[in-house]
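> I am sharing model.tsv, which consists of TSV, C-alpha atoms:
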```tsv
chain	number	residue	atom	x	y	z
A	16	MET	CA	74.65	-7.23	-18.68
A	17	LEU	CA	78.05	-8.93	-18.62
A	18	ARG	CA	79.01	-10.62	-15.39
A	19	THR	CA	82.36	-11.85	-14.12
A	20	PRO	CA	82.84	-15.60	-13.56
A	21	GLU	CA	83.84	-15.16	-9.92
A	22	HIS	CA	80.96	-12.80	-9.10
A	23	ASN	CA	78.35	-14.02	-11.57
A	24	GLN	CA	75.52	-12.60	-9.46
A	25	GLU	CA	76.91	-9.03	-9.60
A	26	PRO	CA	76.81	-6.79	-12.69
A	27	VAL	CA	80.14	-5.40	-13.90
A	28	TRP	CA	78.97	-1.80	-13.42
A	29	ARG	CA	78.32	-2.50	-9.74
A	30	ILE	CA	81.78	-4.04	-9.33
A	31	ILE	CA	83.28	-0.88	-10.88
A	32	ILE	CA	81.29	1.20	-8.38
A	33	ARG	CA	82.99	-0.82	-5.62
A	34	LEU	CA	86.36	-0.34	-7.31
A	35	LEU	CA	85.81	3.44	-7.23
A	36	ARG	CA	84.61	3.15	-3.58
A	37	TRP	CA	81.47	5.09	-4.43
A	38	HIS	CA	79.57	2.65	-2.21
A	39	LYS	CA	81.59	4.13	0.71
A	40	PRO	CA	81.06	7.88	0.33
A	41	GLU	CA	82.87	8.87	3.54
A	42	GLY	CA	86.26	8.37	1.87
A	43	ARG	CA	85.25	10.62	-1.02
A	44	LEU	CA	83.74	13.27	1.23
A	45	ILE	CA	86.75	13.50	3.54
A	46	LEU	CA	88.94	14.40	0.53
A	47	MET	CA	86.41	16.98	-0.60
A	48	ILE	CA	86.19	18.75	2.78
A	49	PRO	CA	89.62	20.51	2.82
A	50	ALA	CA	89.06	21.66	-0.77
A	51	LEU	CA	85.70	23.15	0.27
A	52	TRP	CA	87.29	24.72	3.35
A	53	ALA	CA	89.77	26.45	1.05
A	54	VAL	CA	87.36	27.69	-1.60
A	55	PHE	CA	84.89	29.14	0.91
A	56	LEU	CA	87.57	30.79	3.06
A	57	ALA	CA	89.44	32.21	0.07
A	58	ALA	CA	86.20	33.64	-1.35
A	59	SER	CA	85.00	35.07	1.99
A	60	GLY	CA	82.15	32.57	2.10
A	61	LYS	CA	80.78	33.33	-1.38
A	62	PRO	CA	82.69	31.39	-4.06
A	63	PRO	CA	81.28	31.23	-7.61
A	64	LEU	CA	78.91	28.28	-7.93
A	65	PRO	CA	80.56	26.92	-11.12
A	66	LEU	CA	83.92	26.81	-9.30
A	67	VAL	CA	82.39	24.93	-6.36
A	68	CYS	CA	80.89	22.41	-8.82
A	69	VAL	CA	84.28	21.96	-10.53
A	70	ILE	CA	85.97	21.37	-7.17
A	71	VAL	CA	83.33	18.87	-6.05
A	72	LEU	CA	83.47	16.94	-9.33
A	73	GLY	CA	87.25	17.22	-9.45
A	74	THR	CA	87.68	15.71	-5.99
A	75	LEU	CA	85.30	12.88	-6.91
A	76	ALA	CA	87.24	12.13	-10.10
A	77	THR	CA	90.63	12.42	-8.38
A	78	SER	CA	89.67	10.22	-5.42
A	79	ALA	CA	88.22	7.65	-7.83
A	80	ALA	CA	91.47	7.55	-9.78
A	81	GLY	CA	93.45	7.36	-6.53
A	82	CYS	CA	91.41	4.40	-5.29
A	83	VAL	CA	91.94	2.44	-8.51
A	84	ILE	CA	95.66	3.25	-8.63
A	85	ASN	CA	95.99	2.15	-5.01
A	86	ASP	CA	94.19	-1.12	-5.74
A	87	LEU	CA	96.35	-1.78	-8.80
A	88	TRP	CA	99.48	-1.40	-6.65
A	89	ASP	CA	98.03	-3.53	-3.84
A	90	ARG	CA	96.17	-6.23	-5.77
A	91	ASP	CA	98.52	-8.91	-4.41
A	92	ILE	CA	98.64	-7.45	-0.89
A	93	ASP	CA	94.96	-6.70	-0.30
A	94	PRO	CA	93.91	-10.39	-0.27
A	95	HIS	CA	95.98	-10.81	2.92
A	96	VAL	CA	94.29	-7.91	4.78
A	97	GLU	CA	90.88	-8.59	6.29
A	98	ARG	CA	89.51	-5.11	5.53
A	99	THR	CA	90.58	-5.11	1.87
A	100	ARG	CA	90.41	-8.73	0.71
A	101	ASP	CA	87.05	-8.26	-1.03
A	102	ARG	CA	88.15	-5.31	-3.18
A	103	PRO	CA	87.47	-6.11	-6.86
A	104	LEU	CA	91.08	-6.33	-8.04
A	105	ALA	CA	92.17	-8.23	-4.94
A	106	ALA	CA	89.30	-10.70	-5.36
A	107	ARG	CA	90.02	-10.93	-9.11
A	108	ALA	CA	86.47	-9.78	-9.85
A	109	LEU	CA	87.97	-7.40	-12.42
A	110	SER	CA	91.09	-7.70	-14.55
A	111	VAL	CA	94.12	-5.43	-14.29
A	112	LYS	CA	93.36	-4.17	-17.80
A	113	VAL	CA	89.89	-3.02	-16.75
A	114	GLY	CA	91.37	-1.36	-13.66
A	115	ILE	CA	93.87	0.58	-15.77
A	116	VAL	CA	91.12	1.73	-18.16
A	117	VAL	CA	88.92	2.90	-15.28
A	118	ALA	CA	91.85	4.78	-13.72
A	119	LEU	CA	92.65	6.50	-17.02
A	120	VAL	CA	89.02	7.52	-17.52
A	121	ALA	CA	88.86	8.99	-14.01
A	122	MET	CA	92.12	10.88	-14.53
A	123	ALA	CA	90.90	12.17	-17.90
A	124	CYS	CA	87.73	13.51	-16.24
A	125	ALA	CA	89.85	15.27	-13.60
A	126	ALA	CA	92.11	16.71	-16.31
A	127	VAL	CA	89.15	18.14	-18.25
A	128	LEU	CA	87.89	19.86	-15.10
A	129	ALA	CA	91.39	21.21	-14.36
A	130	PHE	CA	91.31	23.18	-17.61
A	131	TYR	CA	88.56	25.33	-16.07
A	132	LEU	CA	91.06	26.60	-13.47
A	133	ASN	CA	93.65	29.37	-13.72
A	134	PRO	CA	97.25	28.48	-14.69
A	135	LEU	CA	98.57	28.30	-11.10
A	136	SER	CA	95.76	25.99	-10.01
A	137	PHE	CA	96.13	23.89	-13.16
A	138	TRP	CA	99.85	23.30	-12.58
A	139	LEU	CA	99.19	22.46	-8.95
A	140	CYS	CA	96.82	19.78	-10.26
A	141	VAL	CA	99.63	18.46	-12.45
A	142	ALA	CA	102.04	18.48	-9.49
A	143	ALA	CA	99.59	16.42	-7.44
A	144	VAL	CA	99.52	13.53	-9.93
A	145	PRO	CA	102.93	11.98	-9.06
A	146	VAL	CA	102.07	12.09	-5.35
A	147	ILE	CA	98.76	10.32	-5.97
A	148	VAL	CA	100.37	7.69	-8.22
A	149	LEU	CA	103.35	7.01	-5.94
A	150	TYR	CA	101.53	6.98	-2.57
A	151	PRO	CA	100.73	3.23	-2.67
A	152	GLY	CA	104.42	2.50	-3.26
A	153	ALA	CA	105.33	4.53	-0.19
A	154	LYS	CA	103.73	1.83	1.96
A	155	ARG	CA	106.54	-0.49	0.92
A	156	VAL	CA	109.53	1.76	1.64
A	157	PHE	CA	108.56	4.78	3.79
A	158	PRO	CA	107.88	4.30	7.52
A	159	VAL	CA	105.08	6.91	7.63
A	160	PRO	CA	103.24	6.57	4.28
A	161	GLN	CA	100.28	8.47	5.74
A	162	LEU	CA	102.45	11.61	5.39
A	163	VAL	CA	102.54	11.09	1.63
A	164	LEU	CA	98.76	10.68	1.62
A	165	SER	CA	98.45	13.86	3.70
A	166	ILE	CA	100.51	15.80	1.16
A	167	ALA	CA	98.21	14.52	-1.59
A	168	TRP	CA	95.21	15.69	0.49
A	169	GLY	CA	96.93	19.06	0.98
A	170	PHE	CA	96.97	19.73	-2.76
A	171	GLY	CA	93.19	20.09	-2.54
A	172	VAL	CA	93.70	23.16	-0.34
A	173	LEU	CA	96.36	24.71	-2.57
A	174	ILE	CA	94.39	24.12	-5.76
A	175	SER	CA	91.08	25.38	-4.41
A	176	TRP	CA	92.52	28.47	-2.67
A	177	SER	CA	94.56	29.53	-5.69
A	178	ALA	CA	91.53	28.93	-7.95
A	179	VAL	CA	89.89	31.87	-6.13
A	180	THR	CA	92.82	34.19	-5.39
A	181	HIS	CA	95.34	33.26	-8.13
A	182	ASN	CA	98.03	33.10	-5.43
A	183	LEU	CA	99.10	31.32	-2.24
A	184	SER	CA	99.32	33.41	0.93
A	185	GLN	CA	99.91	32.87	4.66
A	186	PRO	CA	96.29	31.76	5.35
A	187	THR	CA	96.63	29.19	2.55
A	188	TRP	CA	99.63	27.58	4.20
A	189	LEU	CA	97.98	27.59	7.64
A	190	LEU	CA	95.00	25.72	6.18
A	191	TRP	CA	97.36	23.43	4.28
A	192	GLY	CA	99.23	22.62	7.51
A	193	ALA	CA	95.96	22.00	9.36
A	194	THR	CA	94.86	19.64	6.59
A	195	ILE	CA	98.18	17.75	6.67
A	196	LEU	CA	97.92	17.24	10.44
A	197	TRP	CA	94.21	16.35	10.37
A	198	THR	CA	94.83	13.77	7.64
A	199	LEU	CA	97.78	12.30	9.56
A	200	GLY	CA	95.48	12.03	12.58
A	201	PHE	CA	92.46	10.36	11.03
A	202	ASP	CA	94.45	8.12	8.67
A	203	THR	CA	96.77	6.90	11.44
A	204	LEU	CA	93.61	6.19	13.43
A	205	TYR	CA	92.16	4.27	10.47
A	206	ALA	CA	95.42	2.32	9.98
A	207	MET	CA	95.25	1.02	13.54
A	208	SER	CA	92.64	-1.52	12.43
A	209	ASP	CA	95.12	-3.08	9.97
A	210	ARG	CA	98.15	-3.29	12.27
A	211	ALA	CA	98.23	-7.07	12.65
A	212	ASP	CA	97.78	-7.74	8.91
A	213	ASP	CA	100.24	-5.00	7.87
A	214	GLN	CA	102.90	-6.31	10.22
A	215	GLN	CA	102.47	-9.86	8.95
A	216	ILE	CA	102.83	-8.95	5.27
A	217	GLY	CA	105.50	-6.28	5.78
A	218	VAL	CA	103.50	-3.18	4.81
A	219	LYS	CA	104.48	0.02	6.61
A	220	SER	CA	102.07	2.44	8.28
A	221	SER	CA	102.14	5.29	10.76
A	222	ALA	CA	100.13	3.11	13.18
A	223	LEU	CA	102.99	0.60	13.22
A	224	PHE	CA	105.67	3.29	13.24
A	225	PHE	CA	104.28	4.96	16.38
A	226	GLY	CA	103.37	1.61	17.96
A	227	LYS	CA	101.95	1.93	21.45
A	228	TYR	CA	102.35	5.69	21.20
A	229	ALA	CA	99.95	5.92	18.22
A	230	PRO	CA	97.11	7.41	20.35
A	231	VAL	CA	99.54	10.07	21.62
A	232	ALA	CA	100.70	10.85	18.07
A	233	ILE	CA	97.09	11.13	16.88
A	234	GLY	CA	96.35	13.48	19.78
A	235	ILE	CA	99.32	15.66	18.81
A	236	PHE	CA	98.18	15.74	15.18
A	237	PHE	CA	94.66	16.77	16.15
A	238	ALA	CA	95.99	19.37	18.62
A	239	GLY	CA	98.15	20.85	15.85
A	240	THR	CA	95.08	20.96	13.60
A	241	VAL	CA	93.18	22.94	16.23
A	242	LEU	CA	96.06	25.39	16.76
A	243	LEU	CA	96.52	26.08	13.05
A	244	LEU	CA	92.77	26.46	12.44
A	245	GLY	CA	92.60	28.82	15.42
A	246	TRP	CA	95.50	30.87	14.05
A	247	LEU	CA	93.73	30.97	10.68
A	248	GLY	CA	90.52	32.12	12.37
A	249	VAL	CA	92.38	35.02	14.01
A	250	ILE	CA	94.07	36.11	10.77
A	251	LEU	CA	90.81	35.96	8.79
A	252	ASP	CA	88.85	37.55	11.65
A	253	LEU	CA	86.26	34.76	11.65
A	254	HIS	CA	83.24	35.32	13.86
A	255	LEU	CA	81.83	33.46	16.87
A	256	VAL	CA	80.17	30.63	14.92
A	257	PHE	CA	83.53	29.43	13.63
A	258	TRP	CA	84.98	29.32	17.14
A	259	LEU	CA	81.98	27.36	18.42
A	260	THR	CA	82.43	24.74	15.70
A	261	LEU	CA	86.17	24.57	16.42
A	262	ILE	CA	85.37	23.93	20.10
A	263	LEU	CA	82.96	21.14	19.07
A	264	ALA	CA	85.62	19.61	16.82
A	265	THR	CA	88.18	19.80	19.62
A	266	ILE	CA	85.84	18.02	22.03
A	267	ALA	CA	85.17	15.29	19.43
A	268	TRP	CA	88.89	14.76	18.82
A	269	ILE	CA	89.63	14.61	22.54
A	270	TRP	CA	86.89	12.01	22.95
A	271	GLN	CA	88.37	9.94	20.11
A	272	CYS	CA	91.85	10.08	21.65
A	273	VAL	CA	90.48	8.96	25.02
A	274	ARG	CA	88.77	6.00	23.32
A	275	LEU	CA	92.01	5.03	21.58
A	276	ILE	CA	93.72	4.50	24.92
A	277	LYS	CA	91.45	1.52	25.65
A	278	PRO	CA	93.40	-1.72	25.06
A	279	THR	CA	90.34	-3.77	24.07
A	280	LEU	CA	88.92	-1.47	21.39
A	281	PRO	CA	87.31	-3.56	18.58
A	282	ASN	CA	88.57	-3.08	15.02
A	283	SER	CA	85.18	-1.74	13.93
A	284	ALA	CA	85.65	1.26	16.26
A	285	TYR	CA	88.50	2.63	14.13
A	286	GLY	CA	86.34	2.80	11.02
A	287	GLN	CA	83.57	4.37	13.06
A	288	MET	CA	85.88	7.13	14.33
A	289	PHE	CA	87.20	7.68	10.80
A	290	ARG	CA	83.62	8.29	9.61
A	291	GLN	CA	83.05	10.68	12.52
A	292	ASN	CA	85.84	12.83	11.12
A	293	VAL	CA	83.71	13.41	8.02
A	294	TRP	CA	81.03	15.00	10.19
A	295	ILE	CA	83.66	16.95	12.12
A	296	GLY	CA	84.99	18.32	8.83
A	297	PHE	CA	81.53	19.40	7.66
A	298	ILE	CA	80.78	21.03	11.02
A	299	LEU	CA	83.98	23.06	10.64
A	300	LEU	CA	83.00	23.93	7.06
A	301	ALA	CA	79.67	25.28	8.30
A	302	GLY	CA	81.52	27.35	10.89
A	303	MET	CA	83.89	28.72	8.26
A	304	ILE	CA	81.01	29.76	6.03
A	305	ALA	CA	78.88	31.26	8.80
A	306	GLY	CA	81.89	32.85	10.48
A	307	GLN	CA	82.86	35.02	7.54
```
Could you take the file, read its structure, and then write that structure out as structure tokens?

Amino acid sequence: MLRTPEHNQEPVWRIIIRLLRWHKPEGRLILMIPALWAVFLAASGKPPLPLVCVIVLGTLATSAAGCVINDLWDRDIDPHVERTRDRPLAARALSVKVGIVVALVAMACAAVLAFYLNPLSFWLCVAAVPVIVLYPGAKRVFPVPQLVLSIAWGFGVLISWSAVTHNLSQPTWLLWGATILWTLGFDTLYAMSDRADDQQIGVKSSALFFGKYAPVAIGIFFAGTVLLLGWLGVILDLHLVFWLTLILATIAWIWQCVRLIKPTLPNSAYGQMFRQNVWIGFILLAGMIAGQ
């Protein structure tokens, strides 16, 4: 097995796994959750199994491509951020050429899966590509780049819902809005751990934009998520189980916002709360399925 000079104790395939972030599954799962919300709600809890498999594999391929594209953009910035300095392209454990090849392979896999979908869903996949590619650049010019990331996340809802119904309706947009706000909430929370490094190197983030009011902004985003999911539950006439899971999610988000007010919160706490949002998302998914 070939090994890189800088990381001569680590096989190349394992370095590529780190490049794709497959050693940190929470980031892949949290992209998959809104897409699964959409496909199960649109199909009244019983989507075709092949479609679910396509969506799961598609989100894995898309998030892999997104991670590599992000690292290609940030290969000269990441070494200056404590959380990202060991990423393969930042640490020069892989070359830019290898990174580009891996990104193209991941995008090709996503494209093949997209051909399984109906025309509306397919073209929504195409429309998502520029957002995914340009998001890392937004951190250099746009004060709230997490909004661009949220829009990229939102495409998972539009693609998955339309893959079932062949159209986009009011419930679709309510779920899309809830996903946008949820993503703004948990990604602003996650960005709070990088505030000092981002400010020093001149990278923009919603955590810096909102400053000392970031916990308040996150609370508003989570509150908006609850309101839109509640509205969706009324329109779709979801049963008691859904409402119980929404109450649990609301309690968890309130607890996170209360923690964020503490001035001495360690940086590790932000990553911990980000991972908790994965479980919150799956709890809501269970409620959506059982509440049909």
> Report as a PDB file with C-alpha atoms, in the frame of the given file all protein, DNA and RNA residues lying within 9 Å of Pro186 (chain A), evaluated on only C-alpha atoms, omitting residues in the same chain fewer than 5 positions from it.

```
ATOM      1  CA  ALA A  57      89.440  32.210   0.070  1.00  0.00           C
ATOM      2  CA  TRP A 191      97.360  23.430   4.280  1.00  0.00           C
ATOM      3  CA  TRP A 246      95.500  30.870  14.050  1.00  0.00           C
ATOM      4  CA  LEU A 247      93.730  30.970  10.680  1.00  0.00           C
ATOM      5  CA  ILE A 250      94.070  36.110  10.770  1.00  0.00           C
ATOM      6  CA  LEU A 251      90.810  35.960   8.790  1.00  0.00           C
TER       7      LEU A 251
END
```
> Tell me which protein, DNA and RNA residues are within 10 Å of Ala53 (chain A), counting only C-alpha atoms, leaving out same-chain ones fewer than 6 positions away, and put them as number ranges by chain.
A: 59-60, 171-179, 186-187, 190-191, 300, 303
> Report, in Å to a single decimal, how far apart CA of Asn182 (chain A) and CA of Val256 (chain A) are.
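Calculated distance between CA of Val256 (chain A) and CA of Asn182 (chain A) is 27.2 Å.
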> Residues within 7 Å of region 219-228 of chain A, please, as JSON, numbers by chain. Count only C-alpha atoms; anything in the same chain fewer than 6 positions from it doesn't count.
{"A": [154, 155, 157, 158, 159, 160, 161, 203, 206, 207, 210, 213]}
> Can you work out which one of A:Ala167, A:Leu261, A:Leu46, A:Ala284 has the shortest atom-to-atom distance to Ala142 (chain A), counting all atoms listed in the file?
A:Ala167
> Looking at all atoms listed in the file, which of A:Val111, A:Leu259, A:Ile195, A:Leu132 is the one that sits closest to Pro49 (chain A)?
A:Ile195
> Pick from A:Pro62, A:Gly302, A:Gly169, A:Pro103: nearest to Asp86 (chain A), with only C-alpha atoms counted?
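Answer, going by the shortest atom-to-atom distance: A:Pro103.
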> Could you tell me which of A:Glu41, A:Asp202, A:Glu25, A:Asp212 comes closest to Trp294 (chain A) if we count all atoms listed in the file?
A:Glu41
> Using only C-alpha atoms, can you tell me which of A:Gln215, A:Gln307, A:Asn282, A:Thr240 comes closest to His95 (chain A)?
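Using only C-alpha atoms, the shortest distance to His95 (chain A) belongs to A:Gln215.
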> Kindly give the distance, in Å, that separates CA of Pro230 (chain A) and CA of Arg36 (chain A), rounded to a single decimal.
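According to the coordinates, CA of Pro230 (chain A) and CA of Arg36 (chain A) are separated by 27.3 Å.
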> What lies within 12 Å of Ile30 (chain A) using only C-alpha atoms, ignoring chain neighbours under 2 positions off, as a PyMOL selection string?
chain A and resi 17-19+21-28+32-38+101-104+106-110+113-114+117
> Just to confirm, what's the straight-line distance from CA of Ile266 (chain A) to CA of His254 (chain A) in Å (one decimal)?
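Here the two named atoms are 19.3 Å from each other.
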> Could you list, as a list in words, every residue within 8 Å of Asp209 (chain A), counting only C-alpha atoms and ignoring same-chain residues fewer than 4 positions away?
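The residues that qualify are Val96, Glu97, Arg98, Tyr205 and Asp213 of chain A.
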> I need the residue nearest Ile70 (chain A) from this list: A:Gln271, A:Ser208, A:Thr265, A:Ser136. Use only C-alpha atoms for the distance.
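Nearest to Ile70 (chain A): A:Ser136.
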> Save region 216-244 of chain A to a file: N, CA and C atoms, as a PDB file, in the first residue's frame.

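Written file, part33.pdb:
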```
ATOM      1  N   ILE A 216      -8.039  35.122  10.983  1.00  0.00           N
ATOM      2  CA  ILE A 216      -7.658  34.926   9.576  1.00  0.00           C
ATOM      3  C   ILE A 216      -8.622  35.613   8.609  1.00  0.00           C
ATOM      4  N   GLY A 217      -9.676  36.240   9.136  1.00  0.00           N
ATOM      5  CA  GLY A 217     -10.571  37.017   8.290  1.00  0.00           C
ATOM      6  C   GLY A 217     -11.668  36.227   7.608  1.00  0.00           C
ATOM      7  N   VAL A 218     -11.989  35.045   8.124  1.00  0.00           N
ATOM      8  CA  VAL A 218     -13.078  34.240   7.572  1.00  0.00           C
ATOM      9  C   VAL A 218     -14.382  34.650   8.251  1.00  0.00           C
ATOM     10  N   LYS A 219     -15.447  34.747   7.473  1.00  0.00           N
ATOM     11  CA  LYS A 219     -16.734  35.181   8.007  1.00  0.00           C
ATOM     12  C   LYS A 219     -17.555  33.980   8.463  1.00  0.00           C
ATOM     13  N   SER A 220     -18.413  34.206   9.461  1.00  0.00           N
ATOM     14  CA  SER A 220     -19.323  33.168   9.930  1.00  0.00           C
ATOM     15  C   SER A 220     -20.492  33.817  10.637  1.00  0.00           C
ATOM     16  N   SER A 221     -21.593  33.098  10.730  1.00  0.00           N
ATOM     17  CA  SER A 221     -22.761  33.629  11.426  1.00  0.00           C
ATOM     18  C   SER A 221     -22.467  33.824  12.911  1.00  0.00           C
ATOM     19  N   ALA A 222     -21.579  32.995  13.477  1.00  0.00           N
ATOM     20  CA  ALA A 222     -21.218  33.155  14.897  1.00  0.00           C
ATOM     21  C   ALA A 222     -20.537  34.494  15.137  1.00  0.00           C
ATOM     22  N   LEU A 223     -19.704  34.925  14.194  1.00  0.00           N
ATOM     23  CA  LEU A 223     -19.069  36.240  14.301  1.00  0.00           C
ATOM     24  C   LEU A 223     -20.059  37.354  13.980  1.00  0.00           C
ATOM     25  N   PHE A 224     -20.914  37.129  12.991  1.00  0.00           N
ATOM     26  CA  PHE A 224     -21.871  38.150  12.580  1.00  0.00           C
ATOM     27  C   PHE A 224     -22.811  38.516  13.724  1.00  0.00           C
ATOM     28  N   PHE A 225     -23.320  37.501  14.437  1.00  0.00           N
ATOM     29  CA  PHE A 225     -24.252  37.765  15.531  1.00  0.00           C
ATOM     30  C   PHE A 225     -23.535  38.123  16.831  1.00  0.00           C
ATOM     31  N   GLY A 226     -22.234  37.804  16.915  1.00  0.00           N
ATOM     32  CA  GLY A 226     -21.439  38.200  18.067  1.00  0.00           C
ATOM     33  C   GLY A 226     -22.014  37.700  19.382  1.00  0.00           C
ATOM     34  N   LYS A 227     -22.146  38.587  20.342  1.00  0.00           N
ATOM     35  CA  LYS A 227     -22.634  38.183  21.659  1.00  0.00           C
ATOM     36  C   LYS A 227     -24.108  37.763  21.630  1.00  0.00           C
ATOM     37  N   TYR A 228     -24.779  38.095  20.536  1.00  0.00           N
ATOM     38  CA  TYR A 228     -26.188  37.712  20.409  1.00  0.00           C
ATOM     39  C   TYR A 228     -26.363  36.367  19.691  1.00  0.00           C
ATOM     40  N   ALA A 229     -25.257  35.659  19.434  1.00  0.00           N
ATOM     41  CA  ALA A 229     -25.338  34.368  18.746  1.00  0.00           C
ATOM     42  C   ALA A 229     -26.260  33.374  19.458  1.00  0.00           C
ATOM     43  N   PRO A 230     -26.190  33.244  20.808  1.00  0.00           N
ATOM     44  CA  PRO A 230     -27.133  32.324  21.468  1.00  0.00           C
ATOM     45  C   PRO A 230     -28.592  32.704  21.248  1.00  0.00           C
ATOM     46  N   VAL A 231     -28.874  34.014  21.207  1.00  0.00           N
ATOM     47  CA  VAL A 231     -30.246  34.478  20.958  1.00  0.00           C
ATOM     48  C   VAL A 231     -30.666  34.119  19.530  1.00  0.00           C
ATOM     49  N   ALA A 232     -29.765  34.346  18.574  1.00  0.00           N
ATOM     50  CA  ALA A 232     -30.061  34.021  17.173  1.00  0.00           C
ATOM     51  C   ALA A 232     -30.324  32.525  17.012  1.00  0.00           C
ATOM     52  N   ILE A 233     -29.494  31.709  17.656  1.00  0.00           N
ATOM     53  CA  ILE A 233     -29.678  30.257  17.581  1.00  0.00           C
ATOM     54  C   ILE A 233     -31.028  29.870  18.172  1.00  0.00           C
ATOM     55  N   GLY A 234     -31.396  30.497  19.290  1.00  0.00           N
ATOM     56  CA  GLY A 234     -32.695  30.227  19.898  1.00  0.00           C
ATOM     57  C   GLY A 234     -33.838  30.587  18.965  1.00  0.00           C
ATOM     58  N   ILE A 235     -33.710  31.704  18.253  1.00  0.00           N
ATOM     59  CA  ILE A 235     -34.747  32.115  17.299  1.00  0.00           C
ATOM     60  C   ILE A 235     -34.832  31.121  16.141  1.00  0.00           C
ATOM     61  N   PHE A 236     -33.668  30.667  15.657  1.00  0.00           N
ATOM     62  CA  PHE A 236     -33.672  29.690  14.566  1.00  0.00           C
ATOM     63  C   PHE A 236     -34.358  28.384  14.998  1.00  0.00           C
ATOM     64  N   PHE A 237     -34.028  27.911  16.186  1.00  0.00           N
ATOM     65  CA  PHE A 237     -34.645  26.674  16.668  1.00  0.00           C
ATOM     66  C   PHE A 237     -36.145  26.863  16.927  1.00  0.00           C
ATOM     67  N   ALA A 238     -36.531  28.035  17.449  1.00  0.00           N
ATOM     68  CA  ALA A 238     -37.948  28.315  17.675  1.00  0.00           C
ATOM     69  C   ALA A 238     -38.713  28.320  16.354  1.00  0.00           C
ATOM     70  N   GLY A 239     -38.112  28.924  15.333  1.00  0.00           N
ATOM     71  CA  GLY A 239     -38.736  28.918  14.006  1.00  0.00           C
ATOM     72  C   GLY A 239     -38.873  27.511  13.453  1.00  0.00           C
ATOM     73  N   THR A 240     -37.873  26.669  13.724  1.00  0.00           N
ATOM     74  CA  THR A 240     -37.939  25.269  13.290  1.00  0.00           C
ATOM     75  C   THR A 240     -39.133  24.571  13.927  1.00  0.00           C
ATOM     76  N   VAL A 241     -39.310  24.784  15.225  1.00  0.00           N
ATOM     77  CA  VAL A 241     -40.428  24.162  15.942  1.00  0.00           C
ATOM     78  C   VAL A 241     -41.770  24.643  15.381  1.00  0.00           C
ATOM     79  N   LEU A 242     -41.901  25.934  15.149  1.00  0.00           N
ATOM     80  CA  LEU A 242     -43.159  26.487  14.637  1.00  0.00           C
ATOM     81  C   LEU A 242     -43.504  25.925  13.259  1.00  0.00           C
ATOM     82  N   LEU A 243     -42.516  25.860  12.376  1.00  0.00           N
ATOM     83  CA  LEU A 243     -42.777  25.356  11.031  1.00  0.00           C
ATOM     84  C   LEU A 243     -43.079  23.855  11.043  1.00  0.00           C
ATOM     85  N   LEU A 244     -42.354  23.092  11.876  1.00  0.00           N
ATOM     86  CA  LEU A 244     -42.652  21.660  11.979  1.00  0.00           C
ATOM     87  C   LEU A 244     -44.036  21.443  12.589  1.00  0.00           C
TER      88      LEU A 244
END
```
